[in-house]
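Just model35.txt here, compact mmCIF, C-alpha atoms:
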# COMPACT_ATOMS: atom_id res chain seq x y z
CA MET A 1 20.10 49.47 47.00
CA PHE A 2 18.11 52.44 48.29
CA LYS A 3 16.16 52.62 45.01
CA LEU A 4 15.51 48.87 45.10
CA ASN A 5 14.15 49.03 48.65
CA ARG A 6 12.02 52.02 47.74
CA LEU A 7 10.60 50.23 44.70
CA LEU A 8 9.87 47.16 46.82
CA PHE A 9 8.14 49.32 49.41
CA LEU A 10 6.00 50.98 46.73
CA PHE A 11 5.14 47.59 45.23
CA LEU A 12 4.01 46.20 48.61
CA LEU A 13 2.07 49.38 49.30
CA LEU A 14 0.24 49.08 45.97
CA CYS A 15 -0.50 45.40 46.68
CA SER A 16 -1.98 46.28 50.06
CA PHE A 17 -4.14 48.99 48.49
CA SER A 18 -5.25 46.52 45.84
CA LEU A 19 -6.10 43.88 48.45
CA ALA A 20 -7.98 46.42 50.57
CA ALA A 21 -9.92 47.51 47.49
CA GLN A 22 -10.79 43.90 46.71
CA GLN A 23 -11.93 43.32 50.29
CA SER A 24 -14.04 46.46 50.31
CA SER A 25 -15.72 45.35 47.06
CA LYS A 26 -16.92 42.11 48.66
CA VAL A 27 -20.64 42.12 49.36
CA TYR A 28 -20.81 38.90 51.41
CA GLY A 29 -18.65 37.14 53.95
CA ILE A 30 -19.48 33.61 52.75
CA ILE A 31 -21.28 32.21 49.73
CA ILE A 32 -22.28 28.54 49.73
CA LYS A 33 -22.40 27.49 46.08
CA GLY A 34 -24.36 24.74 44.37
CA GLY A 35 -25.87 22.91 47.36
CA HIS A 36 -29.36 21.42 47.47
CA VAL A 37 -31.06 23.68 50.02
CA ILE A 38 -33.70 22.17 52.32
CA ASP A 39 -35.45 24.83 54.40
CA PRO A 40 -38.80 23.45 55.62
CA LYS A 41 -40.09 26.73 57.05
CA ASN A 42 -39.79 28.45 53.68
CA ASN A 43 -40.63 25.34 51.64
CA ILE A 44 -37.31 25.41 49.78
CA ASP A 45 -36.15 22.06 48.40
CA GLU A 46 -33.88 22.69 45.42
CA VAL A 47 -30.36 23.62 44.36
CA MET A 48 -29.66 27.21 45.42
CA ASP A 49 -26.78 29.43 46.53
CA VAL A 50 -26.78 30.91 50.03
CA ALA A 51 -24.97 34.14 50.91
CA LEU A 52 -24.07 35.12 54.47
CA ASN A 53 -22.95 38.43 55.89
CA ASP A 54 -22.44 39.80 59.40
CA GLY A 55 -23.67 36.58 60.97
CA ARG A 56 -26.98 36.60 59.10
CA ILE A 57 -28.54 35.01 56.04
CA ALA A 58 -28.20 37.68 53.36
CA LEU A 59 -29.60 36.06 50.22
CA ILE A 60 -30.80 32.75 48.78
CA ALA A 61 -30.87 32.68 45.00
CA LYS A 62 -30.21 30.46 42.01
CA ASN A 63 -26.82 31.88 41.11
CA ILE A 64 -24.91 34.32 43.29
CA ASN A 65 -21.61 35.59 41.89
CA ALA A 66 -18.83 33.94 43.90
CA ASP A 67 -16.58 36.96 43.33
CA GLN A 68 -18.81 38.89 45.72
CA ALA A 69 -17.71 36.80 48.74
CA THR A 70 -14.61 36.79 50.90
CA GLN A 71 -14.97 33.02 51.32
CA VAL A 72 -16.67 30.48 49.04
CA VAL A 73 -17.95 27.03 50.02
CA ASP A 74 -18.25 24.45 47.26
CA ALA A 75 -21.36 22.45 48.21
CA ALA A 76 -22.01 20.86 44.81
CA GLY A 77 -23.55 17.41 45.29
CA MET A 78 -24.31 18.17 48.95
CA TYR A 79 -27.26 19.44 50.95
CA VAL A 80 -27.58 22.71 52.85
CA ALA A 81 -30.00 23.07 55.77
CA PRO A 82 -30.48 25.17 58.90
CA GLY A 83 -28.21 24.25 61.80
CA LEU A 84 -29.58 21.26 63.68
CA ILE A 85 -31.35 21.76 67.02
CA ASP A 86 -31.08 18.91 69.52
CA ILE A 87 -33.75 19.66 72.14
CA HIS A 88 -32.97 16.78 74.49
CA SER A 89 -29.49 16.23 75.92
CA ARG A 90 -28.05 15.47 79.33
CA LEU A 91 -24.89 17.53 79.41
CA GLY A 92 -24.29 17.37 83.14
CA TYR A 93 -21.17 19.49 83.41
CA THR A 94 -19.62 18.45 80.09
CA LEU A 95 -19.02 21.07 77.42
CA PRO A 96 -20.91 19.98 74.27
CA ASP A 97 -18.70 21.34 71.47
CA GLY A 98 -16.98 18.02 70.80
CA TYR A 99 -20.37 16.34 70.26
CA THR A 100 -22.21 19.03 68.33
CA PHE A 101 -20.36 20.86 65.55
CA ARG A 102 -19.00 17.66 63.99
CA VAL A 103 -22.60 16.54 63.31
CA GLY A 104 -24.17 19.87 62.36
CA VAL A 105 -25.74 20.76 65.72
CA THR A 106 -25.57 24.47 66.43
CA THR A 107 -28.13 24.57 69.27
CA ILE A 108 -28.46 22.00 72.05
CA VAL A 109 -30.91 21.98 74.95
CA ASP A 110 -30.06 20.44 78.29
CA ALA A 111 -33.09 18.61 79.66
CA GLY A 112 -33.08 19.00 83.40
CA ASP A 113 -29.52 18.97 84.72
CA SER A 114 -30.21 22.17 86.65
CA ASP A 115 -33.07 23.57 88.70
CA TYR A 116 -33.84 27.07 89.94
CA GLU A 117 -31.27 26.71 92.73
CA SER A 118 -28.39 25.34 90.63
CA PHE A 119 -29.01 27.03 87.26
CA ALA A 120 -26.60 29.91 87.95
CA ASN A 121 -23.74 27.44 88.30
CA PHE A 122 -24.83 25.50 85.19
CA LYS A 123 -24.89 28.74 83.21
CA LYS A 124 -21.43 29.72 84.44
CA GLN A 125 -19.87 26.31 83.82
CA ILE A 126 -21.59 25.25 80.58
CA ILE A 127 -23.72 27.88 78.83
CA ASP A 128 -21.22 30.73 79.09
CA ARG A 129 -18.21 28.56 78.17
CA SER A 130 -19.68 26.75 75.15
CA ASN A 131 -19.30 27.73 71.53
CA THR A 132 -22.45 25.74 70.81
CA ARG A 133 -25.65 27.61 71.69
CA VAL A 134 -26.78 25.91 74.92
CA LEU A 135 -30.31 26.36 76.22
CA ALA A 136 -31.99 24.61 79.14
CA PHE A 137 -35.17 23.00 80.37
CA LEU A 138 -35.19 23.78 84.09
CA ASN A 139 -35.80 20.74 86.28
CA ILE A 140 -39.07 21.39 88.05
CA LYS A 141 -38.61 19.07 91.01
CA GLY A 142 -35.58 20.76 92.57
CA GLY A 143 -32.35 19.36 93.92
CA ASP A 144 -30.67 18.61 90.58
CA TYR A 145 -31.43 15.45 88.63
CA LYS A 146 -31.24 12.24 90.64
CA GLY A 147 -33.95 10.07 89.07
CA GLY A 148 -35.89 7.22 90.65
CA ALA A 149 -37.71 7.99 93.88
CA ASN A 150 -36.30 11.52 93.88
CA GLU A 151 -38.47 12.33 90.89
CA LYS A 152 -41.50 12.55 93.20
CA GLY A 153 -40.17 15.67 94.95
CA THR A 154 -42.14 18.86 94.44
CA GLY A 155 -42.16 21.71 96.96
CA ASP A 156 -44.52 24.65 97.20
CA LYS A 157 -42.12 27.28 95.84
CA ILE A 158 -40.81 25.33 92.85
CA ALA A 159 -43.31 26.46 90.20
CA SER A 160 -43.23 30.16 91.08
CA GLU A 161 -39.47 30.34 91.63
CA SER A 162 -38.72 28.36 88.46
CA ALA A 163 -41.02 30.55 86.36
CA LYS A 164 -39.53 33.71 87.82
CA LEU A 165 -36.02 32.55 86.90
CA ALA A 166 -37.10 31.46 83.41
CA LEU A 167 -38.60 34.88 82.71
CA SER A 168 -35.34 36.55 83.67
CA THR A 169 -33.13 34.88 81.04
CA ARG A 170 -33.27 33.78 77.40
CA ASP A 171 -31.22 30.70 78.26
CA ILE A 172 -34.22 28.80 79.68
CA VAL A 173 -36.82 27.47 77.23
CA GLY A 174 -39.12 25.46 79.50
CA PHE A 175 -39.40 23.02 82.36
CA LYS A 176 -38.37 19.36 82.59
CA VAL A 177 -40.65 17.06 84.57
CA ASP A 178 -39.38 13.61 85.57
CA PHE A 179 -41.98 11.73 87.57
CA VAL A 180 -43.09 8.36 88.84
CA GLY A 181 -46.88 8.03 88.54
CA PRO A 182 -49.67 7.77 89.26
CA ASP A 183 -49.45 10.99 91.28
CA TRP A 184 -49.72 13.84 88.74
CA THR A 185 -48.51 16.55 91.15
CA PRO A 186 -45.08 17.01 89.52
CA VAL A 187 -46.73 17.36 86.10
CA ASP A 188 -49.22 19.89 87.40
CA ARG A 189 -46.39 21.78 89.09
CA GLY A 190 -44.54 21.94 85.80
CA VAL A 191 -47.63 23.11 83.93
CA GLU A 192 -48.14 25.76 86.61
CA ALA A 193 -44.64 27.11 85.94
CA GLY A 194 -45.26 26.83 82.19
CA ASN A 195 -48.44 28.86 82.43
CA ILE A 196 -46.70 31.62 84.38
CA ALA A 197 -43.73 31.80 82.00
CA ASN A 198 -45.63 30.91 78.78
CA MET A 199 -43.23 28.03 78.16
CA PRO A 200 -43.63 24.29 77.47
CA ILE A 201 -42.86 21.40 79.75
CA MET A 202 -40.82 18.43 78.58
CA LEU A 203 -42.14 15.32 80.28
CA ASP A 204 -40.25 12.10 80.92
CA GLY A 205 -42.38 9.90 83.05
CA GLY A 206 -45.25 7.52 83.54
CA ARG A 207 -43.03 4.87 85.08
CA ASN A 208 -45.05 3.05 87.70
CA HIS A 209 -46.68 -0.27 88.49
CA PRO A 210 -49.53 -0.29 87.67
CA TYR A 211 -49.21 2.14 84.76
CA PRO A 212 -50.79 5.57 85.13
CA SER A 213 -53.28 6.44 82.40
CA LEU A 214 -51.42 8.16 79.60
CA ARG A 215 -54.75 9.18 78.10
CA ASP A 216 -55.43 11.16 81.28
CA LEU A 217 -51.92 12.59 81.13
CA PHE A 218 -52.29 13.73 77.51
CA MET A 219 -55.88 14.97 77.73
CA LYS A 220 -56.23 16.32 81.27
CA HIS A 221 -52.79 17.42 82.43
CA MET A 222 -50.53 18.29 79.49
CA ARG A 223 -51.26 21.25 77.21
CA PRO A 224 -50.96 21.57 73.42
CA GLY A 225 -47.32 22.49 72.84
CA ASP A 226 -46.04 20.45 75.78
CA ILE A 227 -43.42 17.84 74.88
CA TYR A 228 -43.56 14.11 75.64
CA THR A 229 -40.04 12.70 75.26
CA HIS A 230 -38.61 9.17 74.99
CA THR A 231 -41.58 8.39 72.77
CA TYR A 232 -40.20 5.02 71.60
CA THR A 233 -38.67 3.86 74.87
CA ILE A 234 -39.12 0.56 76.70
CA ILE A 235 -38.03 0.30 80.32
CA GLU A 236 -37.98 -3.34 81.33
CA ASP A 237 -38.38 -3.42 85.08
CA ILE A 238 -41.20 -3.49 87.59
CA ASN A 239 -41.59 0.29 87.22
CA ALA A 240 -41.81 0.14 83.43
CA ARG A 241 -43.72 2.88 81.67
CA ASP A 242 -46.61 2.47 79.29
CA MET A 243 -45.57 2.27 75.65
CA ILE A 244 -46.72 3.76 72.37
CA VAL A 245 -47.22 0.31 70.80
CA ASP A 246 -48.96 -2.73 72.26
CA GLN A 247 -46.14 -5.27 72.30
CA GLN A 248 -48.59 -8.18 71.84
CA THR A 249 -50.50 -6.84 68.84
CA ALA A 250 -47.84 -4.42 67.46
CA LEU A 251 -50.61 -1.81 67.11
CA ILE A 252 -50.17 1.82 68.09
CA LYS A 253 -52.30 2.92 71.03
CA PRO A 254 -55.05 5.38 70.04
CA SER A 255 -54.24 7.77 72.91
CA PHE A 256 -50.94 8.71 71.24
CA LEU A 257 -52.61 9.49 67.91
CA GLU A 258 -55.28 11.55 69.69
CA ALA A 259 -52.67 13.43 71.71
CA GLN A 260 -50.61 14.30 68.64
CA LYS A 261 -53.73 15.64 66.93
CA ARG A 262 -54.42 17.68 70.07
CA GLY A 263 -51.00 19.32 69.75
CA ILE A 264 -48.84 17.34 72.17
CA ILE A 265 -45.30 17.28 70.74
CA PHE A 266 -43.70 13.84 70.60
CA ASP A 267 -39.91 13.88 70.87
CA VAL A 268 -37.54 11.00 70.12
CA GLY A 269 -35.11 11.46 73.04
CA HIS A 270 -33.18 8.43 71.76
CA GLY A 271 -30.71 7.74 74.58
CA SER A 272 -30.01 4.10 75.37
CA ALA A 273 -33.62 2.88 75.69
CA PHE A 274 -34.95 3.55 72.16
CA ARG A 275 -36.64 0.48 70.67
CA TYR A 276 -37.46 -0.40 67.08
CA SER A 277 -40.33 -2.56 68.38
CA ASN A 278 -42.06 0.72 69.24
CA ALA A 279 -40.74 2.92 66.43
CA ILE A 280 -41.31 0.68 63.38
CA PRO A 281 -45.01 -0.14 64.03
CA ALA A 282 -45.70 3.50 64.95
CA MET A 283 -44.06 4.72 61.75
CA LYS A 284 -46.03 2.18 59.69
CA ALA A 285 -49.21 3.52 61.28
CA GLY A 286 -48.26 7.04 60.12
CA PHE A 287 -47.15 8.29 63.53
CA PHE A 288 -43.92 10.23 62.99
CA PRO A 289 -42.04 12.09 65.73
CA ASN A 290 -42.51 15.85 65.84
CA THR A 291 -38.92 16.38 66.91
CA ILE A 292 -35.76 14.27 66.63
CA SER A 293 -33.31 14.44 69.53
CA THR A 294 -30.54 12.38 71.05
CA ASP A 295 -30.76 12.36 74.87
CA LEU A 296 -27.04 12.85 74.41
CA SER A 297 -24.79 11.83 77.28
CA ALA A 298 -21.26 10.47 77.57
CA GLY A 299 -22.70 6.95 77.72
CA SER A 300 -25.16 7.10 74.83
CA THR A 301 -22.62 8.51 72.37
CA ASN A 302 -20.53 5.35 72.71
CA ALA A 303 -23.51 2.99 72.79
CA PHE A 304 -26.60 2.74 70.58
CA MET A 305 -27.33 6.40 69.96
CA LYS A 306 -23.96 7.69 68.60
CA ASP A 307 -24.94 11.23 67.57
CA MET A 308 -27.65 13.41 66.06
CA MET A 309 -26.96 12.41 62.47
CA ASN A 310 -27.00 8.72 63.35
CA VAL A 311 -30.47 9.15 64.89
CA MET A 312 -31.61 11.09 61.82
CA SER A 313 -30.28 8.27 59.62
CA LYS A 314 -32.38 5.76 61.59
CA PHE A 315 -35.58 7.66 60.90
CA LEU A 316 -34.67 8.10 57.24
CA THR A 317 -34.18 4.32 57.08
CA MET A 318 -37.54 3.73 58.78
CA GLY A 319 -39.39 5.71 56.11
CA MET A 320 -39.41 9.40 56.93
CA SER A 321 -38.64 11.55 53.90
CA LEU A 322 -35.43 13.56 53.83
CA LYS A 323 -37.37 16.81 54.10
CA GLU A 324 -39.38 15.55 57.10
CA VAL A 325 -36.22 14.38 58.89
CA VAL A 326 -34.68 17.82 58.35
CA ARG A 327 -37.90 19.51 59.52
CA ALA A 328 -37.96 17.42 62.71
CA SER A 329 -34.34 18.39 63.39
CA THR A 330 -34.55 22.13 62.62
CA TRP A 331 -37.75 24.11 62.27
CA SER A 332 -40.03 21.88 64.39
CA PRO A 333 -37.75 21.93 67.46
CA ALA A 334 -37.25 25.69 67.05
CA LYS A 335 -41.02 26.13 67.26
CA ALA A 336 -41.32 23.64 70.12
CA ILE A 337 -38.95 25.67 72.31
CA LYS A 338 -40.33 29.00 71.04
CA ARG A 339 -37.05 30.09 69.48
CA GLU A 340 -38.40 30.85 66.04
CA GLU A 341 -35.41 33.01 65.20
CA LEU A 342 -33.63 29.66 64.74
CA GLY A 343 -34.16 26.66 62.49
CA HIS A 344 -34.62 28.37 59.11
CA LEU A 345 -32.78 30.23 56.37
CA SER A 346 -34.95 33.31 55.89
CA PRO A 347 -33.04 36.45 54.85
CA GLY A 348 -32.06 38.24 58.06
CA ALA A 349 -32.11 35.04 60.14
CA ILE A 350 -29.15 33.97 62.27
CA ALA A 351 -26.66 32.22 59.98
CA ASP A 352 -26.65 28.77 61.54
CA LEU A 353 -26.27 26.15 58.80
CA VAL A 354 -25.19 22.60 58.14
CA VAL A 355 -23.80 21.27 54.88
CA PHE A 356 -24.18 17.50 54.71
CA SER A 357 -23.85 14.57 52.34
CA LEU A 358 -26.00 11.49 52.09
CA ARG A 359 -23.46 8.70 51.90
CA GLU A 360 -24.58 5.63 49.98
CA GLY A 361 -23.59 2.12 51.03
CA LYS A 362 -24.57 -0.51 53.55
CA PHE A 363 -25.00 0.83 57.07
CA GLY A 364 -26.14 -0.82 60.29
CA PHE A 365 -28.36 1.04 62.76
CA TYR A 366 -28.91 -0.89 65.98
CA GLU A 367 -30.41 -0.40 69.43
CA THR A 368 -30.27 -1.64 72.99
CA ALA A 369 -32.26 -4.84 72.35
CA ALA A 370 -29.65 -5.81 69.71
CA TYR A 371 -32.10 -5.34 66.81
CA LYS A 372 -30.41 -3.89 63.74
CA MET A 373 -31.80 -2.23 60.66
CA THR A 374 -29.69 -2.00 57.52
CA GLY A 375 -29.92 1.17 55.49
CA ASN A 376 -28.36 2.37 52.26
CA LYS A 377 -28.10 6.07 53.15
CA LYS A 378 -26.42 7.83 56.02
CA PHE A 379 -26.08 11.49 56.95
CA GLU A 380 -22.53 12.84 57.06
CA CYS A 381 -21.74 16.38 58.15
CA GLU A 382 -19.45 18.23 55.75
CA MET A 383 -19.55 21.67 57.35
CA THR A 384 -21.15 23.49 60.27
CA ILE A 385 -21.60 27.25 60.35
CA LYS A 386 -22.73 29.01 63.52
CA GLY A 387 -23.52 32.70 63.54
CA GLY A 388 -21.91 33.11 60.14
CA ARG A 389 -18.60 31.46 61.14
CA ILE A 390 -17.35 28.12 59.90
CA VAL A 391 -16.80 26.03 63.02
CA TYR A 392 -16.35 22.62 61.33
CA ASP A 393 -15.12 21.72 57.84
CA LEU A 394 -14.64 17.98 57.27
CA ASN A 395 -13.00 18.00 53.86
CA GLY A 396 -11.82 21.56 53.42
CA ILE A 397 -14.63 22.71 51.10
CA ALA A 398 -14.15 26.38 51.99
CA THR A 399 -11.84 28.64 49.97
CA PRO A 400 -9.79 30.09 51.55
CA LEU A 401 -9.62 27.59 54.40
CA ASN A 402 -10.39 28.71 57.95
CA ASN A 403 -7.56 29.02 60.43
CA PHE A 404 -8.84 27.46 63.66
CA PHE A 405 -7.05 27.40 66.95
CA ARG A 406 -8.22 27.00 70.52
CA GLU A 407 -7.65 29.42 73.35
CA GLY A 408 -8.78 28.00 76.65
CA ASN A 409 -12.27 26.67 76.01
CA GLN A 410 -13.02 28.97 73.07
CA PHE A 411 -12.36 28.62 69.37
CA ARG A 412 -10.63 31.56 67.69
CA TRP A 413 -10.49 32.41 63.98

The structure given in the file should be rewritten as C-alpha cells.
Amino acid sequence: MFKLNRLLFLFLLLCSFSLAAQQSSKVYGIIIKGGHVIDPKNNIDEVMDVALNDGRIALIAKNINADQATQVVDAAGMYVAPGLIDIHSRLGYTLPDGYTFRVGVTTIVDAGDSDYESFANFKKQIIDRSNTRVLAFLNIKGGDYKGGANEKGTGDKIASESAKLALSTRDIVGFKVDFVGPDWTPVDRGVEAGNIANMPIMLDGGRNHPYPSLRDLFMKHMRPGDIYTHTYTIIEDINARDMIVDQQTALIKPSFLEAQKRGIIFDVGHGSAFRYSNAIPAMKAGFFPNTISTDLSAGSTNAFMKDMMNVMSKFLTMGMSLKEVVRASTWSPAKAIKREELGHLSPGAIADLVVFSLREGKFGFYETAAYKMTGNKKFECEMTIKGGRIVYDLNGIATPLNNFFREGNQFRW
C-alpha cells in the first residue's frame, strides 16, 4: 500500500510538473481564431487571428498557432471588433454591467447625471463599483440633472470649478450642457470649461418657442470637436427643438451639413425620441452620424431603443455599411472623448473586444412614433472581452470555458 501511494504521489507530481511546463510554454493568454476582424483605425477588414496577453493586444496575424494560448476562442463565421463605446447614457445611480457586456459595450459614458458638487458621490457609487469602464460628462449647470426650466441655471463658479475637477481625474471626458434657448449662456459656460480643460461639450438643447438659430449655435458658439446629441430627435410640444430635416419637404437643413464639415460631431443619442422621419431623409442625403449611442436608461431599454446593438442594427438597415457602423461605435467615439487608447486593436492597445454575429432573418426596428423598418440583418453579441478577460460568452465559444461567479458587485474569475 505504501508503494502504491508513493507511486501515485510521484505520478501526480510529474503531472503537475508537466502542466506547469505547458503553462510556461504558452505565449498568449487568449487567441481568437478565424474571425473577420473589423478595426477601422487600422483599416483592417478581413479574416485574421487576434492574440491577447496581459490585458493587451499582442498580435494580429493571418494564422497564429492556437497551441501558444492558454485559452482559444473559436470565432469562425463571426466578426471581431474593438469593444463598443457608448458615449451617451443616463445611468443615474444604476450599475451598467447588466446592460453593457451582453451587447459588447466595454466603455460607457454617463451624460450629465453628476455635476462638480455631486461627482464624488457618483464616482463612489457607480464608477468605482462597475466592471464596465464608466466615464462621465460633467453637467455644467449644477444641481444634478433636473431638466426643463432647471436647465437654464448657470452660476459664476460653474465653468472654473467644473474644469478644475475634470483636470484632476481621468474619469471625466467633457461637459454636458442641457439648455432651453434662445439664451446661449449655458452653452458659453460649457465652452468656457471646455477651453480650460481642453475637453469637448456634449450639447442637448435648442428647445424653445420660437426656435433658437441652430446655425448660430453651430457656427458661433460650438467648437469643432464639440458634440451635438439627439441628432434625429423630435420633441412634440410647445418647446420643441429645431430638427435636422424639414418635416414638410423632407430635406435636410443646410446648417447641419455645414456644421458637420466644420467639425461638429453629431451623435445619435437614441433614447425614446429618435425618429425615422429625421434619420431616413438625412441618411439619403449622405448625412451619417459621427457616433452611435443609446441614451441608455431603465426606460429606453424596455421601449424603442433596446440596447447598443439594436441601435447599430437600425443604422445598418438604413444604409450605413458594416464598417461605418463599427467605426461610429468604436474608434469615432474614442476620438470624440479624447480616449484614443480605446476603440482599436493596435498591438499594445487595451484588450477590449467584441465578437459578434450578423444574424440573418426578418427583424423589426421601430421607434416612438410607431414607424417600423424591417431589416434582414441584426447584430448579436457572441463574446465581450474587457482588459483581456472574457466577461460575456453567449454560446461558450471559449476553450476552456471561463468560470464566472459574482462577489458583491464584482465579477471574479

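Using only C-alpha atoms, the nearest neighbour of Thr291 of chain A within the list A:Ile85, A:Val354, A:Leu401, A:Ala193 is A:Ile85.
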
Residues near Leu358 of chain A, anyone? I mean within 10 Å using all atoms listed in the file, not counting same-chain ones fewer than 5 positions away, as a ChimeraX atom specification. /A:77-79,313,322,376-381

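If you measure from each of A:Ile397, A:Phe101, A:Tyr228, A:Arg241 to Ala75 of chain A using all atoms listed in the file, the closest one turns out to be A:Ile397.
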
List as a PyMOL selection string the protein and nucleic acid residues near segment 262-266 of chain A, meaning an atom at most 12 Å away when only C-alpha atoms are counted, but skip any in the same chain fewer than 5 places from it. chain A and resi 87-88+200-204+215+217-233+244+255-257+282+287-293+328+332-333+335-337

Take atom CA of Leu316 of chain A and atom CA of Thr301 of chain A and report the distance between them in Å, one decimal. 19.3 Å

Any idea what the distance is between atom CA of Gly35 of chain A and atom CA of Ala76 of chain A?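 Rounded to one decimal, the two atoms are 5.1 Å apart.
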
For a quick check of understanding, using all atoms listed in the file, which of A:Ala369, A:Val72, A:Ala120, A:Ala81 has the smallest distance to Asn43 of chain A?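 Ranked by minimum distance to Asn43 of chain A, first place goes to A:Ala81.
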
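Within 9 Å of Pro281 of chain A, once all atoms listed in the file are used and residues closer than 3 positions along the same chain are dropped, the contacting residues are A:Val245, A:Ala250, A:Leu251, A:Ile252, A:Tyr276, A:Ser277, A:Asn278, A:Lys284, A:Ala285, A:Gly286, A:Phe287.
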
Please compute the atom CA of Lys33 of chain A-atom CA of Asn63 of chain A distance, one decimal, in Å. 8.0 Å

Return the single residue from A:Arg359, A:Leu95, A:Ser89, A:Leu345 that is closest to Asp128 of chain A, with distances computed using all atoms listed in the file.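 Checking each of A:Arg359, A:Leu95, A:Ser89, A:Leu345 against Asp128 of chain A, counting all atoms listed in the file, the winner is A:Leu95.
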
Name the residues in contact with Thr330 of chain A at a cut-off of 10 Å, using all atoms listed in the file, excluding same-chain residues fewer than 3 positions from it; report them as a list in words.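 Counting only the stated atoms, we get Asp39, Pro40, Lys41, Ala81, Pro82, Gly83, Leu84, Ile85, Asp86, Ile87, Val105, Thr107, Thr291, Ile292, Glu324, Val325, Val326, Arg327, Pro333, Ala334, Lys335, Leu342, Gly343, His344 and Leu353 of chain A.
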
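Comparing A:Asp242, A:Glu382, A:Thr399, A:Arg56 by their smallest distance to Glu341 of chain A, the closest is A:Arg56 (using all atoms listed in the file).
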